[in-house]
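Trainee: After the structure tokens below, expect a handful of questions from me.
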There are 2 protein chains.
Amino acid sequence: MESKPNPLAAFEAACRKAGLKVTQQRLEIYRELFAATDHPTAEVLHHRLREKLPTISLDTVYRTLATLASHGLINRVETAESLSRFEVTRTPHHHLICRECGGIVDFNWPLIERVKLPEEIGSWGTIDRKSVVIYGICDGCSGSRKGRKGASGTRK
Amino acid sequence: MESKPNPLAAFEAACRKAGLKVTQQRLEIYRELFAATDHPTAEVLHHRLREKLPTISLDTVYRTLATLASHGLINRVETAESLSRFEVTRTPHHHLICRECGGIVDFNWPLIERVKLPEEIGSWGTIDRKSVVIYGICDGCSGSRKGRKGASGTRK
DNA sequence: CTTGATGCAAATAGTTTGCAGGCTC
DNA sequence: GAGCCTGCAAACTATTTGCATCAAG
């Protein structure tokens, strides 16, 4: 409600409203995900979190991500790999995914909201969210000599 | 049925061209996937295939799907669940996914090809494929009384 | 205090892989 | 006949769950 959009405070409020307890782990997980731009996996997130919360367990990260996602506070990003990636729910946006390094980058495409959807969709059900995923090869991978791990790639 | 290009024959040709051997399992897997409209998982496909090929193993299904996908003959559909779903590569199309039953339905949206992409994408890399995923609740789930398993839902 | 959240470890589930025999080419 | 493909079983990896303990409300 403040003019100052403190995301952490907003998150706390959202938790309370949802009946979720505000724990240090949840705050840190959210803070970390909020700061991230690379759509980390649970494991990656866990690794980063251990710097601040050395005792946090991977299970808690998984559990918290699932909880927050079910409350719409974060999104599970679809990737075609067998890995779930997450992001904080922000304004509508879309994703660029590199086939090479698996990196995911956001982009905005407001124009698409203007495009009329096919009629047939009306008879399918109620639309909720529209997400465009564009696949390709990022410059980091194709431009450079060999298959480099792109800026935001996540390779083991 | 005849006058049209026989998809199975085309598939065989594609396999040969790719240096893949044409085995009965591959033919049946492709045929089954071609006939399917519900983007089955490997396991679902395996179950269906056993009617015709009682001895086919789940591993073969997985392996074949991976092989065909790597040759672009089929697509792995991104779903946000932790399940991979597949479809035969056809003309460009998009997906409607029901949050309730998980059912996936195709739709065409040729208009989208006309919409100019944001400039920023040019500096990211080379675009390959554009895929729109629309989430919502299908009529089968919202319209009816309780959470029905939609026509093409895949619940265990 | 009461209830829900965390950590730890063990359990699952989907998917992948090694190996020996079979079937395409 | 040579090599790729299949089936079987065992291995992996990501993710989930049971339970005792601990912290938030």
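Residues are named by chain letter and number: chains run A, B, ... in the order of the structure tokens, numbers start at 1 in each chain, and ligands are numbered from 1 in the order shown.
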Counting only C-alpha atoms, a student should be able to say which residues of chain A come within 6 Å of chain B; what is the right answer, written as a list in words?
Mentor: Glu78, Thr79, Ala80, Trp124, Gly125, Thr126, Ile127, Asp128, Arg129, Lys130, Ser131, Val132, Val133, Ile134, Tyr135, Gly136, Ile137, Cys138 and Asp139 of chain A
Trainee: If we count only C-alpha atoms (C1' of nucleotides), which residues of chain B reach to within 9 Å of chain D? Please list them as number ranges by chain.
Mentor: B: 20-21, 23, 25, 55-57, 59-60, 82
Trainee: Please build the interface table for chain C against chain A with a cut-off of 8 Å, listing for each qualifying residue the nearest atom pair and the distance in Å to one decimal; count only C-alpha atoms (C1' of nucleotides), order rows by chain and increasing number, and write it as a Markdown table.
Mentor:
```
| residue | atom | partner | partner_atom | distance |
| --- | --- | --- | --- | --- |
| C:DG4 | C1' | A:Lys21 | CA | 7.5 |
| C:DA5 | C1' | A:Lys21 | CA | 7.8 |
| C:DT6 | C1' | A:Thr60 | CA | 6.6 |
| C:DG7 | C1' | A:Ser57 | CA | 6.3 |
```
Trainee: Enter the distance from atom CA of Thr41 of chain A to atom CA of Ile74 of chain B, in Å, rounded to one decimal.
Mentor: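 Answer for the atom CA of Thr41 of chain A to atom CA of Ile74 of chain B separation: 26.1 Å.
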Trainee: How many Å lie between atom C1' of DA13 of chain C and atom CA of Glu32 of chain B, rounded to one decimal?
Mentor: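 It comes out at 24.0 Å.
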